[in-house]
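Reproduced below: final_34.txt, with compact mmCIF, C-alpha atoms.
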```
# COMPACT_ATOMS: atom_id res chain seq x y z
CA ILE A 135 24.37 75.39 -37.20
CA GLY A 136 23.02 75.32 -33.64
CA ARG A 137 19.61 76.57 -34.72
CA ARG A 138 19.39 73.87 -37.38
CA MET A 139 20.52 71.24 -34.88
CA ALA A 140 17.80 72.36 -32.46
CA GLU A 141 15.14 71.46 -35.05
CA PHE A 142 15.90 67.77 -34.51
CA PRO A 143 14.36 66.35 -31.31
CA MET A 144 17.36 64.21 -30.56
CA ASP A 145 20.65 64.15 -28.75
CA PRO A 146 22.89 67.05 -29.86
CA MET A 147 25.59 64.56 -30.84
CA LEU A 148 23.24 62.93 -33.34
CA SER A 149 22.04 66.32 -34.61
CA LYS A 150 25.65 67.29 -35.26
CA CYS A 151 26.16 64.06 -37.21
CA MET A 152 23.16 65.01 -39.34
CA MET A 153 24.62 68.43 -40.09
CA ALA A 154 27.93 66.88 -41.13
CA ALA A 155 26.12 64.38 -43.35
CA GLU A 156 25.01 67.23 -45.57
CA LYS A 157 28.65 68.18 -46.16
CA TYR A 158 29.74 64.63 -46.99
CA LYS A 159 26.63 63.84 -49.07
CA CYS A 160 25.69 60.75 -47.02
CA VAL A 161 22.51 61.95 -45.32
CA ASP A 162 20.60 58.72 -45.98
CA GLU A 163 23.21 56.57 -44.28
CA VAL A 164 23.59 58.89 -41.29
CA ILE A 165 19.84 59.13 -40.61
CA THR A 166 19.76 55.32 -40.66
CA ILE A 167 22.59 55.19 -38.11
CA CYS A 168 20.82 57.81 -35.97
CA GLY A 169 17.63 55.76 -36.09
CA MET A 170 19.49 52.63 -35.05
CA LEU A 171 21.23 54.47 -32.21
CA GLY A 172 17.83 55.72 -31.08
CA VAL A 173 16.78 52.22 -29.98
CA ASP A 174 19.37 52.07 -27.18
CA ASN A 175 21.49 49.11 -28.28
CA ALA A 176 18.56 46.69 -28.26
CA VAL A 177 19.04 45.39 -31.81
CA PHE A 178 20.66 42.02 -31.17
CA TYR A 179 19.45 39.35 -28.76
CA ARG A 180 21.27 36.30 -27.46
CA PRO A 181 19.18 33.43 -26.09
CA LYS A 182 21.16 31.30 -23.62
CA GLU A 183 20.43 28.03 -25.36
CA LYS A 184 21.56 29.36 -28.75
CA GLY A 185 24.35 31.72 -27.71
CA LEU A 186 26.88 30.40 -30.21
CA HIS A 187 24.44 30.73 -33.13
CA ALA A 188 23.52 34.26 -32.05
CA ASP A 189 27.20 35.23 -31.78
CA ASN A 190 27.89 33.89 -35.27
CA ALA A 191 24.86 35.73 -36.67
CA ARG A 192 26.13 38.96 -35.13
CA LYS A 193 29.61 38.42 -36.58
CA ASN A 194 28.07 38.09 -40.05
CA PHE A 195 26.87 41.70 -39.82
CA HIS A 196 30.25 43.08 -38.71
CA LYS A 197 31.69 45.85 -40.88
CA VAL A 198 35.23 47.14 -40.68
CA GLY A 199 35.01 50.69 -39.44
CA GLY A 200 33.03 50.26 -36.25
CA ASP A 201 29.70 49.51 -34.66
CA HIS A 202 27.94 52.38 -36.42
CA LEU A 203 28.64 50.79 -39.80
CA THR A 204 27.56 47.42 -38.43
CA LEU A 205 24.21 48.93 -37.39
CA LEU A 206 23.87 50.51 -40.84
CA ASN A 207 24.57 47.10 -42.40
CA VAL A 208 21.92 45.42 -40.23
CA TYR A 209 19.28 47.99 -41.23
CA LYS A 210 20.15 47.86 -44.95
CA GLN A 211 19.95 44.07 -45.00
CA TRP A 212 16.64 44.13 -43.12
CA GLU A 213 15.36 46.69 -45.63
CA GLU A 214 16.42 44.44 -48.53
CA THR A 215 14.33 41.58 -47.10
CA GLY A 216 11.25 43.81 -47.12
CA PHE A 217 11.44 44.28 -43.33
CA SER A 218 10.93 40.55 -42.76
CA LEU A 219 10.04 39.22 -39.30
CA ASN A 220 11.35 35.75 -40.18
CA TRP A 221 14.69 37.20 -41.26
CA CYS A 222 14.98 38.94 -37.88
CA MET A 223 14.28 35.70 -36.05
CA GLU A 224 16.82 33.77 -38.16
CA ASN A 225 19.48 36.41 -37.45
CA TYR A 226 18.72 36.92 -33.75
CA LEU A 227 17.59 40.51 -34.21
CA GLN A 228 14.88 42.32 -32.25
CA ASN A 229 12.15 43.02 -34.80
CA ARG A 230 10.45 45.52 -32.48
CA SER A 231 13.69 47.51 -32.14
CA LEU A 232 14.24 47.55 -35.88
CA LYS A 233 10.68 48.77 -36.44
CA ARG A 234 11.30 51.52 -33.89
CA ALA A 235 14.53 52.46 -35.71
CA ARG A 236 12.56 52.61 -38.98
CA ASP A 237 9.97 54.91 -37.34
CA ILE A 238 12.71 57.21 -36.02
CA ARG A 239 14.34 57.23 -39.43
CA GLU A 240 11.06 58.13 -41.15
CA GLN A 241 10.54 61.02 -38.73
CA LEU A 242 14.05 62.29 -39.45
CA VAL A 243 13.42 62.11 -43.20
CA GLU A 244 10.33 64.30 -42.71
CA MET A 245 12.38 66.81 -40.70
CA LEU A 246 15.08 67.12 -43.36
CA GLU A 247 12.82 69.33 -45.42
CA LYS A 248 12.24 71.70 -42.50
CA VAL A 249 15.98 72.34 -42.07
CA GLU A 250 16.59 72.34 -45.83
CA ILE A 251 18.87 69.32 -46.00
CA GLU A 252 18.79 67.34 -49.22
CA GLN A 253 18.52 63.56 -48.74
CA THR A 254 21.72 62.46 -50.46
CA SER A 255 23.23 58.99 -50.39
CA ASN A 256 26.76 57.72 -50.84
CA ALA A 257 26.97 54.25 -49.28
CA ASN A 258 30.44 53.68 -50.72
CA ASP A 259 31.99 56.64 -48.88
CA ILE A 260 32.80 54.83 -45.64
CA ASP A 261 35.27 57.54 -44.60
CA GLY A 262 32.63 60.24 -45.12
CA ILE A 263 30.14 58.35 -42.97
CA ARG A 264 32.76 57.84 -40.26
CA LYS A 265 33.66 61.56 -40.38
CA CYS A 266 29.99 62.45 -39.83
CA VAL A 267 29.79 60.18 -36.80
CA LEU A 268 33.07 61.56 -35.51
CA SER A 269 31.86 65.15 -35.86
CA GLY A 270 29.02 64.41 -33.45
CA PHE A 271 30.89 62.14 -31.08
CA PHE A 272 34.15 64.10 -31.06
CA TYR A 273 34.35 64.23 -27.29
CA HIS A 274 34.41 60.43 -27.16
CA THR A 275 37.87 60.49 -28.70
CA ALA A 276 41.28 60.44 -27.08
CA ARG A 277 44.89 60.78 -28.13
CA LEU A 278 47.08 57.73 -27.71
CA ARG A 279 50.53 58.49 -26.36
CA LYS A 280 53.27 55.95 -26.92
```

This entry written out as structure tokens:
Amino acid sequence: IGRRMAEFPMDPMLSKCMMAAEKYKCVDEVITICGMLGVDNAVFYRPKEKGLHADNARKNFHKVGGDHLTLLNVYKQWEETGFSLNWCMENYLQNRSLKRARDIREQLVEMLEKVEIEQTSNANDIDGIRKCVLSGFFYHTARLRK
């Protein structure tokens, strides 16, 4: 698994997520999340004069299950609009960051063939997607003692 992970020029945590995505048959969703994480949290913007509107726009993208699913939701909606600049402006999203995420995603799609991972999709398997993210970010977890 380490050799396959090394084929991806990205953080090992994200590579591990990609490897787990093959198991849970949600490769398409995980490469989108990896692409969005590759733009360093610069997806949303909040102008001072329209802070309330920007906050409401961000809330509209929220998905139960965490920020990773919210980022996936943002990308999928942007994709549905045909990668519209106007849609980004209306929703207080950084178009440049989303384009960068799309470029990263496209590069990852090209690399899937090299490591022999089939591009599967299962957008309805929220738990599977979360398990993939968890497999890569496992050391960001903690046990709660009561």

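Atom pair CA of Gln211 in chain A / CA of Val177 in chain A: separated by 13.3 Å.
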
Quick one: contact table of range 160-229 of chain A to range 238-261 of chain A, 12 Å max, nearest atom pair and distance in Å to one decimal per residue, counting all atoms listed in the file, chain and number order, as a Markdown table?
```
| residue | atom | partner | partner_atom | distance |
| --- | --- | --- | --- | --- |
| A:Cys160 | CA | A:Ser255 | CA | 4.5 |
| A:Val161 | CA | A:Thr254 | CA | 5.2 |
| A:Asp162 | CA | A:Ser255 | CA | 5.1 |
| A:Glu163 | CA | A:Ser255 | CA | 6.6 |
| A:Val164 | CA | A:Ser255 | CA | 9.1 |
| A:Ile165 | CA | A:Arg239 | CA | 5.9 |
| A:Thr166 | CA | A:Arg239 | CA | 5.9 |
| A:Ile167 | CA | A:Arg239 | CA | 8.6 |
| A:Cys168 | CA | A:Arg239 | CA | 7.4 |
| A:Gly169 | CA | A:Arg239 | CA | 4.9 |
| A:Met170 | CA | A:Arg239 | CA | 8.2 |
| A:Leu171 | CA | A:Ile238 | CA | 9.7 |
| A:Gly172 | CA | A:Ile238 | CA | 7.3 |
| A:Val173 | CA | A:Ile238 | CA | 8.8 |
| A:Lys197 | CA | A:Ile260 | CA | 10.2 |
| A:Val198 | CA | A:Ile260 | CA | 9.5 |
| A:Gly199 | CA | A:Ile260 | CA | 7.8 |
| A:Gly200 | CA | A:Ile260 | CA | 10.4 |
| A:His202 | CA | A:Ile260 | CA | 10.7 |
| A:Leu203 | CA | A:Ile260 | CA | 8.2 |
| A:Thr204 | CA | A:Ile260 | CA | 11.6 |
| A:Leu206 | CA | A:Ala257 | CA | 9.7 |
| A:Asn207 | CA | A:Ala257 | CA | 10.2 |
| A:Tyr209 | CA | A:Arg239 | CA | 10.6 |
| A:Lys210 | CA | A:Ala257 | CA | 10.3 |
```

Inset, instruction - Could you tell me how far CA of Arg137 in chain A lies from CA of Phe271 in chain A, in Å and to one decimal? - result: 18.7 Å

Inset, instruction - Give the answer as one residue: which of A:Lys233, A:Ala176, A:His196, A:Asp201 has the shortest atom-to-atom distance to Glu213 in chain A, using all atoms listed in the file? - result: A:Lys233

Legend entry - Nearest candidate to Ser149 in chain A (options A:Ser269, A:Thr215, A:Thr275, A:Asn220; using all atoms listed in the file): A:Ser269

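Proximity of A:Tyr226, A:Leu219, A:Glu214, A:Pro143 to Lys184 in chain A, computed with all atoms listed in the file, is greatest for A:Tyr226.
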
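Interatomic distance, CA of Lys150 in chain A against CA of Cys266 in chain A: 7.9 Å.
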
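Counting only C-alpha atoms, the residue from A:Lys280, A:Arg236, A:Lys182, A:His187 that sits nearest to Trp212 in chain A is A:Arg236.
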
Inset, instruction - Rank nothing, just name the residue among A:Asn194, A:Lys159, A:Asn229, A:Met147 nearest to Phe272 in chain A, using all atoms listed in the file. - result: A:Met147

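Shortest separation to Ile263 in chain A among A:Glu156, A:Asp174, A:Glu224, A:Asp189 occurs at residue A:Glu156, atoms counted being all atoms listed in the file.
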